[in-house]
$ cat entry-v2.txt   # compact mmCIF, C-alpha atoms
# COMPACT_ATOMS: atom_id res chain seq x y z
CA MET A 1 -27.52 -11.69 -1.40
CA PRO A 2 -27.54 -15.12 0.21
CA GLY A 3 -24.97 -15.44 2.93
CA HIS A 4 -24.50 -11.68 3.14
CA GLY A 5 -20.82 -11.98 2.30
CA ARG A 6 -19.99 -15.05 4.36
CA PRO A 7 -16.51 -16.49 3.88
CA GLY A 8 -16.51 -19.46 1.60
CA ARG A 9 -18.42 -17.97 -1.36
CA SER A 10 -16.61 -17.70 -4.70
CA ALA A 11 -16.86 -14.61 -6.90
CA THR A 12 -18.88 -16.56 -9.42
CA GLY A 13 -21.02 -18.20 -6.77
CA ARG A 14 -22.35 -15.03 -5.16
CA ARG A 15 -25.86 -13.91 -6.00
CA ALA A 16 -27.87 -10.85 -5.11
CA THR A 17 -31.45 -11.08 -3.96
CA ALA A 18 -34.15 -9.00 -5.61
CA GLY A 19 -34.06 -5.38 -4.57
CA THR A 20 -30.38 -5.41 -3.54
CA THR A 21 -28.84 -4.78 -6.91
CA ALA A 22 -27.34 -1.34 -6.53
CA LEU A 23 -23.71 -1.38 -5.51
CA LEU A 24 -24.20 0.20 -2.13
CA THR A 25 -27.17 -1.95 -1.27
CA LEU A 26 -25.03 -4.99 -1.96
CA LEU A 27 -22.11 -3.56 -0.03
CA ALA A 28 -24.22 -2.75 2.99
CA LEU A 29 -25.51 -6.31 3.13
CA VAL A 30 -22.13 -7.86 2.48
CA LEU A 31 -20.27 -5.89 5.06
CA ALA A 32 -22.95 -5.68 7.70
CA GLY A 33 -22.97 -9.45 7.62
CA CYS A 34 -19.21 -9.62 8.06
CA SER A 35 -18.58 -6.81 10.52
CA GLY A 36 -18.53 -9.28 13.37
CA CYS A 37 -17.52 -12.40 11.51
CA SER A 38 -15.17 -14.74 13.25
CA THR A 39 -12.54 -16.53 11.21
CA SER A 40 -10.59 -19.73 11.39
CA ARG A 41 -7.30 -17.91 11.73
CA GLY A 42 -5.20 -18.67 14.75
CA SER A 43 -4.09 -16.18 17.36
CA ASP A 44 -2.14 -13.26 16.00
CA THR A 45 -0.81 -12.05 19.32
CA VAL A 46 1.89 -13.63 21.43
CA GLY A 47 1.00 -13.47 25.12
CA ASP A 48 1.01 -9.84 26.13
CA GLY A 49 3.12 -8.94 23.13
CA PRO A 50 2.27 -6.72 20.20
CA VAL A 51 -0.66 -7.18 17.86
CA ARG A 52 0.54 -9.01 14.77
CA LEU A 53 -0.83 -8.17 11.34
CA THR A 54 -0.37 -9.77 7.95
CA PHE A 55 0.08 -7.64 4.82
CA TRP A 56 0.02 -8.76 1.19
CA SER A 57 1.15 -6.56 -1.66
CA ALA A 58 2.76 -6.65 -5.08
CA LEU A 59 4.03 -3.08 -4.75
CA ARG A 60 7.78 -2.69 -4.92
CA GLY A 61 9.28 -1.33 -1.73
CA SER A 62 6.64 -2.87 0.53
CA GLN A 63 9.18 -4.93 2.47
CA GLU A 64 11.23 -1.81 3.18
CA VAL A 65 8.09 0.01 4.32
CA VAL A 66 7.16 -2.83 6.66
CA ASP A 67 10.69 -2.98 8.04
CA GLU A 68 10.55 0.75 8.83
CA PHE A 69 7.16 0.40 10.49
CA ASN A 70 8.33 -2.51 12.63
CA ARG A 71 11.46 -0.58 13.56
CA THR A 72 9.48 2.44 14.74
CA HIS A 73 6.45 0.75 16.32
CA ASP A 74 6.26 -1.54 19.34
CA ARG A 75 2.53 -2.11 19.83
CA ILE A 76 1.91 -3.46 16.30
CA LYS A 77 4.14 -5.74 14.24
CA VAL A 78 3.55 -6.58 10.59
CA GLU A 79 4.45 -9.70 8.66
CA PHE A 80 4.77 -8.98 4.94
CA GLN A 81 4.20 -11.35 2.05
CA GLN A 82 5.07 -10.38 -1.51
CA VAL A 83 2.36 -11.56 -3.89
CA PRO A 84 2.24 -11.52 -7.69
CA SER A 85 0.74 -8.52 -9.45
CA GLY A 86 -2.97 -8.82 -10.04
CA GLU A 87 -2.87 -10.04 -13.61
CA GLN A 88 -0.14 -12.52 -12.65
CA GLY A 89 -2.29 -14.19 -10.02
CA GLY A 90 -2.42 -11.75 -7.13
CA TRP A 91 -6.15 -11.08 -7.41
CA THR A 92 -6.94 -14.79 -7.60
CA LYS A 93 -4.78 -15.46 -4.54
CA LEU A 94 -6.59 -12.79 -2.55
CA SER A 95 -10.02 -13.98 -3.69
CA ASN A 96 -9.22 -17.56 -2.76
CA ALA A 97 -7.92 -16.54 0.66
CA ALA A 98 -11.03 -14.47 1.35
CA ARG A 99 -13.25 -17.34 0.23
CA ALA A 100 -11.48 -19.57 2.75
CA GLY A 101 -11.72 -16.95 5.50
CA ASN A 102 -7.94 -16.47 5.55
CA ALA A 103 -7.41 -13.13 3.86
CA PRO A 104 -4.56 -11.03 5.29
CA ASP A 105 -5.32 -8.11 7.57
CA VAL A 106 -4.23 -5.63 4.92
CA ALA A 107 -4.04 -6.06 1.15
CA THR A 108 -3.32 -3.94 -1.89
CA ILE A 109 -5.90 -3.61 -4.65
CA GLU A 110 -5.98 -1.42 -7.75
CA TYR A 111 -8.79 1.04 -8.33
CA PRO A 112 -10.56 -0.78 -11.21
CA GLN A 113 -10.80 -4.00 -9.20
CA LEU A 114 -12.06 -2.45 -5.96
CA PRO A 115 -15.81 -2.44 -6.78
CA GLY A 116 -15.74 -6.14 -7.69
CA PHE A 117 -13.84 -7.14 -4.56
CA THR A 118 -16.19 -5.00 -2.49
CA ILE A 119 -19.28 -6.69 -3.93
CA ASP A 120 -17.60 -9.99 -3.09
CA GLY A 121 -17.24 -8.86 0.52
CA VAL A 122 -13.44 -8.86 0.72
CA PRO A 123 -12.77 -5.39 2.19
CA ARG A 124 -14.40 -3.93 5.27
CA ASP A 125 -16.36 -0.72 5.32
CA ILE A 126 -13.76 1.57 6.88
CA THR A 127 -15.88 4.73 6.89
CA GLN A 128 -15.83 4.91 10.69
CA LEU A 129 -12.35 3.42 11.06
CA MET A 130 -10.56 6.02 8.95
CA PRO A 131 -9.46 8.98 11.09
CA ASP A 132 -10.60 12.40 9.89
CA SER A 133 -6.97 13.50 10.10
CA VAL A 134 -6.14 10.95 7.40
CA ARG A 135 -9.20 11.57 5.26
CA GLU A 136 -8.50 15.29 5.15
CA LYS A 137 -4.98 14.77 3.82
CA ILE A 138 -5.97 12.64 0.82
CA LEU A 139 -6.66 14.18 -2.56
CA PRO A 140 -10.48 14.19 -2.85
CA GLN A 141 -10.44 12.70 -6.36
CA ALA A 142 -8.45 9.73 -5.08
CA LEU A 143 -10.74 9.14 -2.12
CA ASP A 144 -13.75 9.40 -4.41
CA LEU A 145 -12.56 6.30 -6.29
CA THR A 146 -12.65 4.25 -3.08
CA THR A 147 -15.93 5.63 -1.75
CA PHE A 148 -19.35 4.44 -2.88
CA ASP A 149 -22.37 6.49 -1.84
CA GLY A 150 -20.53 7.88 1.16
CA ARG A 151 -19.07 4.56 2.35
CA THR A 152 -15.31 4.08 2.07
CA TYR A 153 -13.75 0.66 1.41
CA ALA A 154 -10.05 1.35 0.85
CA VAL A 155 -7.42 4.03 1.37
CA PRO A 156 -5.70 5.40 -1.75
CA VAL A 157 -1.94 4.90 -1.84
CA ASP A 158 -1.22 6.81 -5.02
CA ILE A 159 -3.22 8.53 -7.73
CA GLU A 160 -1.80 8.57 -11.25
CA PRO A 161 -2.91 11.46 -13.48
CA MET A 162 -2.31 10.75 -17.16
CA VAL A 163 0.51 12.73 -18.78
CA PHE A 164 2.44 12.74 -22.06
CA LEU A 165 6.04 11.51 -22.00
CA TYR A 166 7.85 12.51 -25.18
CA ARG A 167 11.27 12.54 -26.82
CA LYS A 168 12.20 16.16 -26.43
CA ASP A 169 15.21 15.83 -28.73
CA ILE A 170 13.14 14.42 -31.60
CA PHE A 171 10.41 17.03 -31.24
CA THR A 172 12.97 19.83 -31.08
CA LYS A 173 15.05 18.54 -33.99
CA ASN A 174 12.01 18.41 -36.27
CA ARG A 175 10.45 21.62 -34.93
CA ILE A 176 7.32 19.80 -33.90
CA PRO A 177 5.31 21.50 -31.15
CA VAL A 178 4.45 19.55 -28.03
CA PRO A 179 0.67 19.07 -28.39
CA LYS A 180 -1.61 20.81 -25.94
CA THR A 181 -4.82 19.56 -27.54
CA TRP A 182 -5.87 16.32 -29.21
CA ALA A 183 -6.14 18.15 -32.52
CA GLU A 184 -2.53 19.25 -32.11
CA PHE A 185 -1.57 15.70 -31.13
CA GLU A 186 -2.87 14.43 -34.48
CA SER A 187 -1.18 17.28 -36.33
CA SER A 188 2.13 16.60 -34.57
CA ALA A 189 1.77 12.89 -35.35
CA ARG A 190 1.45 13.68 -39.05
CA LYS A 191 4.42 16.06 -39.00
CA LEU A 192 6.54 13.52 -37.14
CA LYS A 193 5.75 10.75 -39.60
CA GLN A 194 6.62 13.04 -42.50
CA ALA A 195 9.91 14.17 -40.93
CA GLN A 196 10.94 10.69 -39.75
CA PRO A 197 8.96 8.07 -41.69
CA ARG A 198 9.86 5.26 -39.27
CA THR A 199 8.91 7.20 -36.14
CA ARG A 200 5.47 7.39 -34.54
CA ILE A 201 4.15 9.68 -31.82
CA GLY A 202 2.75 6.88 -29.66
CA SER A 203 0.99 3.54 -29.51
CA LEU A 204 -2.47 2.05 -29.45
CA PHE A 205 -2.08 -1.01 -27.25
CA THR A 206 -3.68 -4.33 -28.12
CA THR A 207 -3.07 -5.75 -24.64
CA GLY A 208 -3.97 -3.58 -21.69
CA GLY A 209 -5.33 -1.07 -24.16
CA THR A 210 -8.89 -1.10 -22.85
CA LEU A 211 -7.81 0.60 -19.62
CA TYR A 212 -5.93 3.23 -21.61
CA LEU A 213 -9.04 3.86 -23.71
CA ALA A 214 -11.00 4.11 -20.47
CA GLY A 215 -8.66 6.92 -19.44
CA TYR A 216 -9.12 8.74 -22.74
CA ALA A 217 -12.90 8.29 -22.59
CA TRP A 218 -13.01 9.41 -18.93
CA GLN A 219 -11.17 12.60 -19.84
CA ALA A 220 -13.64 13.24 -22.67
CA GLY A 221 -16.58 13.01 -20.28
CA ALA A 222 -17.65 9.40 -20.76
CA LYS A 223 -19.36 7.35 -18.06
CA TRP A 224 -18.99 3.67 -18.81
CA TYR A 225 -20.71 2.72 -15.55
CA ASP A 226 -23.29 4.45 -13.42
CA THR A 227 -26.03 3.48 -11.00
CA VAL A 228 -29.61 4.74 -10.94
CA GLY A 229 -31.69 3.46 -8.07
CA ASP A 230 -30.90 -0.23 -7.80
CA THR A 231 -29.79 -0.63 -11.42
CA TRP A 232 -26.36 -0.55 -13.01
CA GLN A 233 -26.21 1.38 -16.29
CA ILE A 234 -23.46 0.52 -18.76
CA SER A 235 -22.50 2.56 -21.79
CA MET A 236 -19.13 1.82 -23.35
CA ASP A 237 -20.26 3.49 -26.57
CA ASP A 238 -21.70 6.78 -25.33
CA ALA A 239 -21.04 9.98 -27.29
CA PRO A 240 -17.69 10.85 -25.62
CA THR A 241 -16.47 7.27 -26.07
CA ARG A 242 -17.50 7.26 -29.73
CA LYS A 243 -15.50 10.47 -30.20
CA VAL A 244 -12.44 8.92 -28.58
CA ALA A 245 -12.81 5.63 -30.47
CA GLY A 246 -13.20 7.44 -33.79
CA TYR A 247 -10.14 9.57 -33.04
CA TRP A 248 -7.89 6.59 -32.29
CA GLN A 249 -9.33 4.65 -35.20
CA ARG A 250 -8.28 7.48 -37.52
CA LEU A 251 -4.77 7.57 -36.05
CA MET A 252 -4.54 3.81 -36.56
CA ASP A 253 -5.99 3.85 -40.10
CA ASP A 254 -3.61 6.65 -41.14
CA ASP A 255 -0.62 4.82 -39.64
CA LEU A 256 0.10 7.65 -37.23
CA VAL A 257 0.51 5.42 -34.16
CA ARG A 258 1.93 1.98 -33.60
CA VAL A 259 -0.51 -0.82 -32.89
CA GLU A 260 1.25 -3.23 -30.57
CA PRO A 261 0.97 -5.07 -27.25
CA GLY A 262 1.44 -2.91 -24.18
CA SER A 263 4.54 -3.45 -22.02
CA SER A 264 5.92 -5.80 -24.69
CA GLN A 265 9.53 -6.18 -25.76
CA GLN A 266 8.46 -4.88 -29.15
CA TRP A 267 7.05 -1.72 -27.64
CA ARG A 268 10.10 -1.14 -25.42
CA ALA A 269 12.43 -1.67 -28.37
CA HIS A 270 10.63 1.06 -30.29
CA LEU A 271 10.99 3.41 -27.31
CA ARG A 272 14.70 2.70 -26.99
CA SER A 273 15.38 3.18 -30.71
CA GLY A 274 13.38 6.41 -30.93
CA GLU A 275 10.95 4.86 -33.39
CA THR A 276 8.24 5.62 -30.85
CA ALA A 277 8.62 9.18 -29.59
CA GLY A 278 5.79 9.43 -27.08
CA TYR A 279 3.88 7.60 -24.38
CA LEU A 280 0.54 8.55 -22.80
CA ALA A 281 0.34 7.02 -19.33
CA GLY A 282 -0.08 7.62 -15.62
CA ALA A 283 2.53 9.51 -13.62
CA TRP A 284 4.07 6.21 -12.49
CA ALA A 285 5.40 5.69 -16.03
CA ALA A 286 8.08 8.34 -15.57
CA GLY A 287 9.99 6.11 -13.15
CA SER A 288 9.34 3.04 -15.28
CA MET A 289 10.81 4.81 -18.30
CA MET A 290 13.99 5.59 -16.36
CA ALA A 291 14.41 1.94 -15.42
CA SER A 292 13.53 0.38 -18.77
CA THR A 293 15.13 2.91 -21.12
CA PRO A 294 18.28 4.19 -19.38
CA ASP A 295 19.82 5.37 -22.65
CA GLY A 296 17.03 7.94 -22.89
CA LYS A 297 18.50 10.10 -20.13
CA GLY A 298 18.33 13.75 -21.12
CA LYS A 299 16.16 12.95 -24.16
CA TRP A 300 12.76 12.57 -22.53
CA ALA A 301 10.48 15.20 -21.03
CA ILE A 302 6.93 15.19 -19.66
CA ALA A 303 4.00 17.39 -20.65
CA PRO A 304 0.36 17.57 -19.57
CA MET A 305 -2.08 15.26 -21.30
CA PRO A 306 -3.57 16.84 -24.46
CA GLN A 307 -7.01 18.39 -23.92
CA TRP A 308 -10.26 18.34 -25.85
CA ASP A 309 -11.15 21.77 -24.49
CA PRO A 310 -8.16 23.74 -23.11
CA ALA A 311 -10.56 26.19 -21.48
CA LYS A 312 -11.94 23.35 -19.35
CA PRO A 313 -8.97 21.08 -18.68
CA LYS A 314 -9.77 17.60 -17.45
CA VAL A 315 -7.49 14.70 -16.63
CA SER A 316 -8.10 11.01 -16.02
CA THR A 317 -5.97 8.42 -14.27
CA GLN A 318 -4.13 5.30 -15.37
CA GLY A 319 -2.84 3.00 -12.68
CA GLY A 320 -2.74 3.48 -8.94
CA SER A 321 -3.37 1.33 -5.88
CA THR A 322 -5.24 1.28 -2.60
CA PHE A 323 -4.93 -0.45 0.77
CA MET A 324 -7.89 -2.34 2.22
CA VAL A 325 -8.63 -3.76 5.65
CA THR A 326 -10.11 -7.15 4.87
CA LYS A 327 -13.25 -8.62 6.41
CA ASP A 328 -11.09 -11.39 7.93
CA SER A 329 -8.91 -9.06 9.98
CA ARG A 330 -9.30 -9.61 13.70
CA HIS A 331 -7.59 -6.29 14.41
CA PRO A 332 -9.18 -3.76 12.06
CA LYS A 333 -8.27 -0.74 14.19
CA GLU A 334 -4.61 -1.70 14.22
CA ALA A 335 -4.77 -2.51 10.52
CA MET A 336 -6.11 0.98 9.86
CA GLU A 337 -3.35 2.45 12.02
CA PHE A 338 -0.77 0.65 9.88
CA ILE A 339 -2.43 1.79 6.64
CA SER A 340 -2.69 5.37 7.90
CA TRP A 341 1.03 5.39 8.61
CA MET A 342 1.89 3.92 5.21
CA VAL A 343 -0.21 6.50 3.36
CA THR A 344 0.59 9.67 5.31
CA SER A 345 4.02 9.23 6.89
CA PRO A 346 7.11 10.79 5.26
CA GLY A 347 9.09 7.92 6.77
CA ALA A 348 6.98 5.37 4.93
CA LEU A 349 7.43 7.14 1.60
CA LYS A 350 11.18 7.49 2.16
CA ALA A 351 11.43 3.78 2.91
CA LYS A 352 9.51 2.94 -0.25
CA LEU A 353 11.64 5.20 -2.43
CA ALA A 354 14.83 3.76 -0.92
CA SER A 355 14.00 0.48 -2.67
CA GLY A 356 14.31 2.00 -6.15
CA VAL A 357 13.12 4.72 -8.48
CA SER A 358 9.40 5.47 -8.31
CA SER A 359 7.44 8.38 -9.74
CA ALA A 360 4.09 7.21 -8.36
CA PHE A 361 2.20 10.30 -7.24
CA PRO A 362 1.21 10.03 -3.56
CA SER A 363 -2.47 10.34 -2.73
CA VAL A 364 -1.45 12.75 0.05
CA PRO A 365 -0.23 15.92 -1.73
CA SER A 366 1.67 17.11 1.36
CA LEU A 367 4.15 14.27 0.69
CA VAL A 368 5.13 15.72 -2.69
CA PRO A 369 8.20 17.52 -1.23
CA VAL A 370 9.43 14.14 0.09
CA ALA A 371 8.97 12.48 -3.30
CA ARG A 372 10.63 15.41 -5.05
CA LYS A 373 13.64 15.33 -2.73
CA GLU A 374 14.13 11.59 -2.97
CA MET A 375 14.01 11.34 -6.77
CA ASP A 376 16.85 12.27 -9.09
CA THR A 377 15.15 13.86 -12.10
CA SER A 378 18.27 14.36 -14.19
CA TYR A 379 16.80 11.79 -16.60
CA TYR A 380 14.25 14.50 -17.42
CA SER A 381 16.89 17.26 -17.42
CA GLY A 382 15.91 18.31 -13.92
CA GLN A 383 12.26 18.93 -14.79
CA ASP A 384 9.99 19.33 -11.75
CA ILE A 385 7.88 16.33 -12.69
CA PHE A 386 6.16 16.08 -9.31
CA GLY A 387 5.08 19.70 -9.57
CA LEU A 388 3.54 18.83 -12.94
CA PHE A 389 1.88 15.71 -11.54
CA GLN A 390 0.39 17.68 -8.66
CA LYS A 391 -1.11 20.28 -10.98
CA GLU A 392 -2.57 17.58 -13.21
CA ALA A 393 -3.88 15.52 -10.29
CA GLU A 394 -6.00 18.47 -9.22
CA ARG A 395 -7.65 18.35 -12.66
CA ILE A 396 -8.81 14.73 -12.37
CA ALA A 397 -12.50 14.68 -13.25
CA PRO A 398 -14.45 13.22 -10.28
CA THR A 399 -17.16 11.68 -12.46
CA TRP A 400 -15.87 8.17 -13.15
CA LYS A 401 -17.01 4.83 -11.74
CA TRP A 402 -15.34 1.51 -12.38
CA GLY A 403 -17.55 -1.49 -13.00
CA PRO A 404 -18.06 -4.61 -10.87
CA ARG A 405 -16.04 -6.94 -13.14
CA MET A 406 -13.38 -4.85 -14.82
CA THR A 407 -10.93 -7.72 -15.24
CA SER A 408 -13.42 -9.51 -17.48
CA THR A 409 -14.41 -6.29 -19.24
CA THR A 410 -10.86 -5.29 -20.07
CA SER A 411 -9.95 -8.78 -21.21
CA SER A 412 -12.87 -8.75 -23.64
CA GLY A 413 -11.95 -5.27 -24.84
CA ASP A 414 -8.35 -6.28 -25.42
CA ASP A 415 -9.49 -9.22 -27.53
CA GLY A 416 -11.33 -6.77 -29.75
CA LEU A 417 -8.39 -4.39 -29.95
CA ALA A 418 -6.13 -7.23 -31.05
CA LYS A 419 -8.59 -7.99 -33.84
CA ALA A 420 -8.72 -4.31 -34.78
CA GLY A 421 -4.94 -4.25 -34.94
CA ALA A 422 -5.04 -7.25 -37.26
CA GLY A 423 -7.54 -5.51 -39.53
CA SER A 424 -10.60 -7.58 -38.63
CA GLY A 425 -12.41 -5.06 -36.46
CA ASP A 426 -12.27 -1.52 -35.13
CA VAL A 427 -11.85 0.32 -31.86
CA LEU A 428 -15.52 1.09 -31.24
CA LYS A 429 -16.56 -2.48 -32.04
CA ALA A 430 -13.99 -3.72 -29.52
CA LEU A 431 -15.61 -1.61 -26.80
CA ARG A 432 -19.13 -2.57 -27.82
CA ASP A 433 -18.18 -6.24 -27.77
CA ALA A 434 -16.62 -5.79 -24.33
CA GLN A 435 -19.90 -4.31 -23.11
CA SER A 436 -22.02 -7.10 -24.54
CA ARG A 437 -19.71 -9.78 -23.13
CA THR A 438 -19.71 -8.09 -19.71
CA MET A 439 -23.49 -8.06 -19.39
CA PRO A 440 -23.84 -11.81 -18.63
CA ASP A 441 -21.09 -11.55 -15.99
CA LEU A 442 -22.97 -8.83 -14.16
CA LYS A 443 -26.34 -10.53 -14.47
CA SER A 444 -24.81 -13.72 -13.07
CA LEU A 445 -24.18 -11.74 -9.88
CA GLY A 446 -27.89 -11.02 -9.69
CA LEU A 447 -27.38 -7.38 -10.64
CA SER A 448 -30.06 -5.39 -12.44
CA VAL A 449 -28.24 -4.12 -15.53
CA THR A 450 -29.29 -1.91 -18.43
CA THR A 451 -27.51 -0.12 -21.25
CA ARG A 452 -27.79 3.55 -22.03

$ encode --input "entry-v2.txt" --output "structure tokens"
Amino acid sequence: MPGHGRPGRSATGRRATAGTTALLTLLALVLAGCSGCSTSRGSDTVGDGPVRLTFWSALRGSQEVVDEFNRTHDRIKVEFQQVPSGEQGGWTKLSNAARAGNAPDVATIEYPQLPGFTIDGVPRDITQLMPDSVREKILPQALDLTTFDGRTYAVPVDIEPMVFLYRKDIFTKNRIPVPKTWAEFESSARKLKQAQPRTRIGSLFTTGGTLYLAGYAWQAGAKWYDTVGDTWQISMDDAPTRKVAGYWQRLMDDDLVRVEPGSSQQWRAHLRSGETAGYLAGAWAAGSMMASTPDGKGKWAIAPMPQWDPAKPKVSTQGGSTFMVTKDSRHPKEAMEFISWMVTSPGALKAKLASGVSSAFPSVPSLVPVARKEMDTSYYSGQDIFGLFQKEAERIAPTWKWGPRMTSTTSSGDDGLAKAGAGSGDVLKALRDAQSRTMPDLKSLGLSVTTR
């Protein structure tokens, strides 16, 4: 890769040289080249005062967390900047800053975007920086998503196992069993439609839906991305994915689920009215439901995600974030100290939760008692939702890899899902089109890419 990750290269302008096309080969070159890079940033210490770090995040509660850190630490002080969420411009802002050599010391990035940012040389390799005491506390499945061939590039903040939120009152009233398998989910969907013709068990999203389908496919055993030698292999229509696509296509064709934009006013209105009685999402969605649908208090409950094979339960994730030390940080050790505190300290989690309701499942399971104590679960009739999340998190299948350009891939997939919702396509075609449209993006990076 020319420049070996030098500041000043755009995501689209980076190229890999022959023989460096596997992810880790690229990462090694990128980060070896930047491990000692100087930057144009000014001094971030004041005389003999504390080391000063900059931190960018879109996560709610970050200011409160920084305030608590600054209150309890003298040697390091952190300046926080709230940035837009990724899809609202946060990723572009971070990319532009890194290209200019002015990335913050610490930044938040979501799991699907981490491989792409890593190939672009934004985060440092923190394998040696991360203390064993921190590594040992993190759920292995979460750390696996930030580690490529034994090299770690970010620290997981939360890990969000997929679960099923459902209207307990509607299911009980109509004597519909809470589905434990996907076959039961379809059966319950049919019974619910028959009992309440205007009500549906859930939604197939036409915006953001590709990442949900990724979660369903992951659980079924799919591998959209893999690496063999120095070649990326892509298969967004492998056998498990075809099974998942066919399943959701049938639910859509039989009018058993709503087909609508994710996080839209339309979707929320259906949740509030009871016309949509279920929601498959990451653990974080429990807190979001409380905030967006307050009238649902006492009506909603949470169950494990339906299984394909109950004898071999597997779970995937949807959502979740990580903290990276950027290549531009002049104080990587102090940046890691700050991240370690944010991820493992009960005080950090308490400060975050003081800013508002959050059901995000911490990547450090030992913090579950803190989360449980700080959250009022009367909305879910006192259900031990964090106990459920912890059990499900342990079932996350550690077989999934995100691709190098997931933003482009998911955008293409969502275009296809919108067409499927309008009757001019289908779910599997949407995924196949996303794959074919992703190939040129990956090849433009100089990657060796094949399909399986």

$ closest_residue --input "entry-v2.txt" --among "A:Ala107, A:Leu114, A:Ile176, A:Ile201" --to "Thr54 of chain A" --atoms "all atoms listed in the file"
A:Ala107

$ atom_distance --input "entry-v2.txt" --atom1 "atom CA of Pro50 of chain A" --atom2 "atom CA of Pro156 of chain A"
26.3 Å

$ atom_distance --input "entry-v2.txt" --atom1 "atom CA of Gln233 of chain A" --atom2 "atom CA of Thr451 of chain A"
5.3 Å

$ closest_residue --input "entry-v2.txt" --among "A:Pro197, A:Asp158, A:Gly413, A:Ala422" --to "Val343 of chain A" --atoms "only C-alpha atoms"
A:Asp158

$ closest_residue --input "entry-v2.txt" --among "A:Gln390, A:Gln128, A:Ser444, A:Thr399" --to "Asp226 of chain A" --atoms "all atoms listed in the file"
A:Thr399

$ closest_residue --input "entry-v2.txt" --among "A:Phe69, A:Tyr279, A:Leu145, A:Phe55" --to "Lys350 of chain A" --atoms "all atoms listed in the file"
A:Phe69

$ closest_residue --input "entry-v2.txt" --among "A:Thr407, A:Leu428, A:Thr450, A:Pro369" --to "Ala217 of chain A" --atoms "all atoms listed in the file"
A:Leu428

$ atom_distance --input "entry-v2.txt" --atom1 "atom CA of Arg432 of chain A" --atom2 "atom CA of Asp415 of chain A"
11.7 Å

$ closest_residue --input "entry-v2.txt" --among "A:Glu79, A:Asp433, A:Asp74, A:Asp328" --to "Arg124 of chain A" --atoms "only C-alpha atoms"
A:Asp328

$ residues_around --input "entry-v2.txt" --residues "Ala58 of chain A" --least-positions-apart "6" --cutoff "9 Å" --atoms "only C-alpha atoms" --output "NGL selection string"
:A and (81-86 or 90 or 108)

$ residues_around --input "entry-v2.txt" --residues "segment 303-312 of chain A" --least-positions-apart "5" --cutoff "12 Å" --atoms "all atoms listed in the file" --output "PyMOL selection string"
chain A and resi 161-168+177-186+188+215-221+240+243-244+247+278-283+286+317-318+380+383-393+395-397

$ axis_aligned_box --input "entry-v2.txt" --around "segment 220-224 of chain A" --padding-each-side "8 Å" --output "lines of an AutoDock Vina configuration file"
center_x = -16.5
center_y = 8.5
center_z = -20.4
size_x = 21.7
size_y = 25.6
size_z = 20.6

$ build_atoms --input "entry-v2.txt" --residues "segment 396-407 of chain A" --atoms "N, CA and C atoms" --output "mmCIF file, keeping the file's coordinate frame"
data_model
loop_
_atom_site.group_PDB
_atom_site.id
_atom_site.type_symbol
_atom_site.label_atom_id
_atom_site.label_comp_id
_atom_site.auth_asym_id
_atom_site.auth_seq_id
_atom_site.Cartn_x
_atom_site.Cartn_y
_atom_site.Cartn_z
ATOM 1 N N ILE A 396 -8.136 16.006 -12.149
ATOM 2 C CA ILE A 396 -8.810 14.730 -12.370
ATOM 3 C C ILE A 396 -10.314 14.919 -12.235
ATOM 4 N N ALA A 397 -11.048 14.513 -13.252
ATOM 5 C CA ALA A 397 -12.500 14.680 -13.250
ATOM 6 C C ALA A 397 -13.142 13.669 -12.300
ATOM 7 N N PRO A 398 -13.871 14.136 -11.284
ATOM 8 C CA PRO A 398 -14.450 13.220 -10.280
ATOM 9 C C PRO A 398 -15.805 12.674 -10.721
ATOM 10 N N THR A 399 -15.875 12.126 -11.912
ATOM 11 C CA THR A 399 -17.160 11.680 -12.460
ATOM 12 C C THR A 399 -17.147 10.208 -12.843
ATOM 13 N N TRP A 400 -16.058 9.514 -12.602
ATOM 14 C CA TRP A 400 -15.870 8.170 -13.150
ATOM 15 C C TRP A 400 -16.169 7.104 -12.118
ATOM 16 N N LYS A 401 -16.805 6.013 -12.573
ATOM 17 C CA LYS A 401 -17.010 4.830 -11.740
ATOM 18 C C LYS A 401 -16.485 3.623 -12.504
ATOM 19 N N TRP A 402 -15.750 2.774 -11.802
ATOM 20 C CA TRP A 402 -15.340 1.510 -12.380
ATOM 21 C C TRP A 402 -16.456 0.496 -12.181
ATOM 22 N N GLY A 403 -16.505 -0.490 -13.056
ATOM 23 C CA GLY A 403 -17.550 -1.490 -13.000
ATOM 24 C C GLY A 403 -17.236 -2.633 -12.063
ATOM 25 N N PRO A 404 -18.228 -3.515 -11.830
ATOM 26 C CA PRO A 404 -18.060 -4.610 -10.870
ATOM 27 C C PRO A 404 -17.145 -5.736 -11.334
ATOM 28 N N ARG A 405 -16.874 -5.842 -12.643
ATOM 29 C CA ARG A 405 -16.040 -6.940 -13.140
ATOM 30 C C ARG A 405 -15.089 -6.432 -14.212
ATOM 31 N N MET A 406 -14.224 -5.498 -13.829
ATOM 32 C CA MET A 406 -13.380 -4.850 -14.820
ATOM 33 C C MET A 406 -12.328 -5.782 -15.414
ATOM 34 N N THR A 407 -11.903 -6.786 -14.675
ATOM 35 C CA THR A 407 -10.930 -7.720 -15.240
ATOM 36 C C THR A 407 -11.507 -8.419 -16.464
#
